[in-house]
Structure formats: structure tokens, C-alpha cells
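Input: a single structure, listed below in C-alpha cells.
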Amino acid sequence: MNPQQVRTMLKQTIDDRRLTRSERKAMERIFDHIDPDPHALALYRSVAFDLARESLVDPESIETIGWLEEVVKMLQSADVSGGPPPQADSYFAPKDDCPAKIRGLLARARNSVDICVFTITDDRISDAIIDTHQRKVKVRVISDDDKAGDRGSDIDRLLSAGVDLRIDRTDDHMHHKFAIFDHRLLLNGSYNWTRSAANRNQENFLVTGEPRFVEDFSKQFERMWEEFS
């Protein structure tokens with residue numbers, strides 16, 4: 001279940017400012033069925049906070065929601081489970097095989113991949129994106145309209161393969177370079193998905209499972225996905 005679907009479901013319960021027993025049971029059945037991981041649950045909580053904030057008109061009440069959100073984030077980061085902290089790995093081009101790492105993340109994705117990259121021209125990565133889409137993983141791509149028309153761009157090939165894709169269609173550049181895998185791992189850095197980035201440029205990206213970063217970038221992706229619809 002993606003954040004927009006969760007938003008639609010929650011919005012149906014907010015009009016009377018309370019969650020009834022029947023509404024709670026209905027949602028519990030849905031979540032039991034989809035079995036979301038902790039990172040997806042964190043994203044759903046963020047959607048709920050956004051809905052609550054949008055329903056308020058009193059500035060002081062809105063500030064209270066902000067306070068509550070920060071307290072919840074703080075408690076989540078306290079690691080009460082005693083487990084190991086989320087791991088983060090760094091990669092540097094051209095020293096590291098960055099395309100291989102990206103292809104590996106795509107191959108291991110099971111539910112969703114959200115890609116937001118300025119330009120995509122590396123056929124090795126584009127092939128992996130198409131393979132992921134053909135495995136019935138939900139793949140969404142956002143890219144820059146100006147770069148989409150460049151020689152070697154794989155944007156049209158991704159579209160022809162049926163990948164869900166949007167471009168910004170503005171005078172400014174969509175200059176992000178990040179991707180989110182299964183709402184669990186974030187890839188972010190300077191690295192464009194191109195042969196020159198892999199073989200010649202001094203580039204980097206970081207892969208992290210830190211929930212607050214995954215959540216923040218997921219929210220940014222959703223905002224842009226709606227903006228460029």
C-alpha cells in the first residue's frame with residue numbers, strides 16, 4: 001500500500017476527529033494483510049501527521065502537532081529494541097563499481113522502487129530498472145525534462161517498457177539524485193546514472209536504512225510525483 005492510498009483511507013476517518021472502533025478494526029485488518037515493515041509504518045505515521053496538520057487552522061495547534069511529531073521521532077530513535085543501528089555504506093566513482101551496487105539494489109527490491117534522478121543514460125542500470133518493473137515490482141521514475149531529450153537518454157526506452165515515469169516540465173532543473181527501495185533503503189548522492197559518472201567523474205552516493213532519512217526522502221518524492229502529474 002503506497003502513501004497516497006494510506007492517505008485516502010485515513011482521510012475517510014478524520015472528519016469527526018476520532019477513530020471509531022469499527023474504523024480501527026478495518027484498518028488493522030488491512031495492515032495485517034499487507035504486513036508493512038517498520039520503515040513503511042514510519043512513512044504512514046508521517047501521512048497521518050500531515051493530515052492532522054492540514055485539518056487545523058489555529059497556528060498554536062499546528063505548532064503542537066509539530067512538537068508531537070518531533071517527540072515521536074525522538075522516541076523512535078531511542079532504539080529501545082537494543083538492536084544494531086541502521087547501517088550506511090558509501091560508494092565513490094570511479095573507484096567503486098557504482099552501477100553494480102545500483103543493479104543489486106534493484107534486483108533485491110520486492111515491492112517498490114522510487115527513482116528520482118537528473119539523467120539516466122547507463123544502459124546497464126536502465127536494463128535493471130526494466131527487469132525490476134517486469135518482475136511486477138512497482139517502479140516509479142522522476143527525471144528532468146531537458147535531460148530526457150539528450151542523446152543517449154534512456155527515458156523514452158523506460159516509458160516504452162511501461163515504467164511509470166514523470167518529468168518536471170519546468171524551466172528549472174529537477175536536479176535530485178536519489179532512490180528509495182521498498183521504503184526501507186535510501187540511495188542519495190551526487191551520482192547521476194550515466195556512463196561518465198561511472199567511469200570518469202568524481203562522484204559519490206550513500207546507501208542508508210536510517211528511517212528518518214527514508215521517510216523524509218519518501219515524502220519529497222511523493223510531493224514531486226503529485227506536482228509533475
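FYI, nothing fancy with the C-alpha cells labels: chains A, B, ... in order, residues from 1 per chain, ligands from 1 as they appear.
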*Could you give me, as a ChimeraX atom specification, each residue of stretch 12-47 of chain A that DSSP assigns to helix (DSSP H, G or I) when run on this structure's backbone?*
/A:21-34,38-47
_stretch 47-49 of chain A environment, 8 Å, only C-alpha atoms, sequence neighbours closer than 2 positions dropped, as number ranges by chain_ = A: 3, 6-7, 10, 43-45, 51-53, 65, 69
*Taking the chain letters and numbering used in this document, name the residues of chain A that DSSP puts in strand (DSSP E or B), as a ChimeraX atom specification.*
/A:88-93,112-117,120,138-143,164-167,177-181,185-189,193,203-208
Return as a tab-separated table the residues of stretch 125-148 of chain A lying at most 6 Å from stretch 100-121 of chain A, together with the closest atom-to-atom pair for each and the distance in Å to one decimal, counting only C-alpha atoms, with rows in chain order and ascending residue number.
```
residue	atom	partner	partner_atom	distance
A:Ala128	CA	A:Arg103	CA	5.8
A:Val137	CA	A:Asn111	CA	5.0
A:Lys138	CA	A:Ser112	CA	4.5
A:Val139	CA	A:Val113	CA	4.8
A:Arg140	CA	A:Asp114	CA	4.9
A:Val141	CA	A:Ile115	CA	4.7
A:Ile142	CA	A:Cys116	CA	4.6
A:Ser143	CA	A:Phe118	CA	5.2
A:Asp144	CA	A:Phe118	CA	5.3
A:Lys147	CA	A:Thr119	CA	5.8
```
*Quote the spacing between atom CA of A:Asn204 and atom CA of A:Asp123 in Å to one decimal place.*
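It comes out at 19.3 Å.
One finds atom CA of A:Ala42 at 24.1 Å from atom CA of A:Asp16.
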*Would you mind telling me which residue in A:Glu210, A:Asp182, A:Asp15, A:Asp164 lies nearest to A:Asp89 when using only C-alpha atoms?*
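Result for the nearest residue to A:Asp89: A:Glu210.
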*In terms of the shortest atom-to-atom distance over only C-alpha atoms, which of A:Phe217, A:Ile167, A:Asp172, A:Ile125 is closest to A:Trp193?*
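Selected residue with least distance to A:Trp193: A:Ile125.
Atom pair atom CA of A:Leu158 / atom CA of A:His173 has a distance of 20.0 Å (rounded to one decimal).
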*If you count only C-alpha atoms, which residues fall within 12 Å of stretch 23-29 of chain A, apart from same-chain ones fewer than 6 positions away, as a ChimeraX atom specification?*
/A:1,5-6,8-14,16,35-36
Next, write the just-selected residues to a file, as a PDB file, in the first residue's frame, keeping C-alpha atoms as the atom set.
```pdb
ATOM      1  CA  MET A   1       0.000   0.000   0.000  1.00  0.00           C
ATOM      2  CA  GLN A   5      -3.635   5.005  -0.593  1.00  0.00           C
ATOM      3  CA  VAL A   6      -2.997   5.288   3.157  1.00  0.00           C
ATOM      4  CA  THR A   8      -7.111   8.280   1.250  1.00  0.00           C
ATOM      5  CA  MET A   9      -8.011   5.656   3.851  1.00  0.00           C
ATOM      6  CA  LEU A  10      -7.108   7.881   6.812  1.00  0.00           C
ATOM      7  CA  LYS A  11      -8.875  10.892   5.329  1.00  0.00           C
ATOM      8  CA  GLN A  12     -12.161   8.990   5.488  1.00  0.00           C
ATOM      9  CA  THR A  13     -11.797   8.743   9.280  1.00  0.00           C
ATOM     10  CA  ILE A  14     -10.717  12.275  10.180  1.00  0.00           C
ATOM     11  CA  ASP A  16     -15.307  13.578  13.155  1.00  0.00           C
ATOM     12  CA  ASP A  35       2.313  -6.690   6.735  1.00  0.00           C
ATOM     13  CA  PRO A  36       4.246  -3.373   6.366  1.00  0.00           C
TER      14      PRO A  36
END
```
*Have a look at A:Ile180, A:Ile155, A:Ala197, A:Ala40 and name the one nearest to A:Ala93; count only C-alpha atoms.*
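Selected residue with least distance to A:Ala93: A:Ala197.
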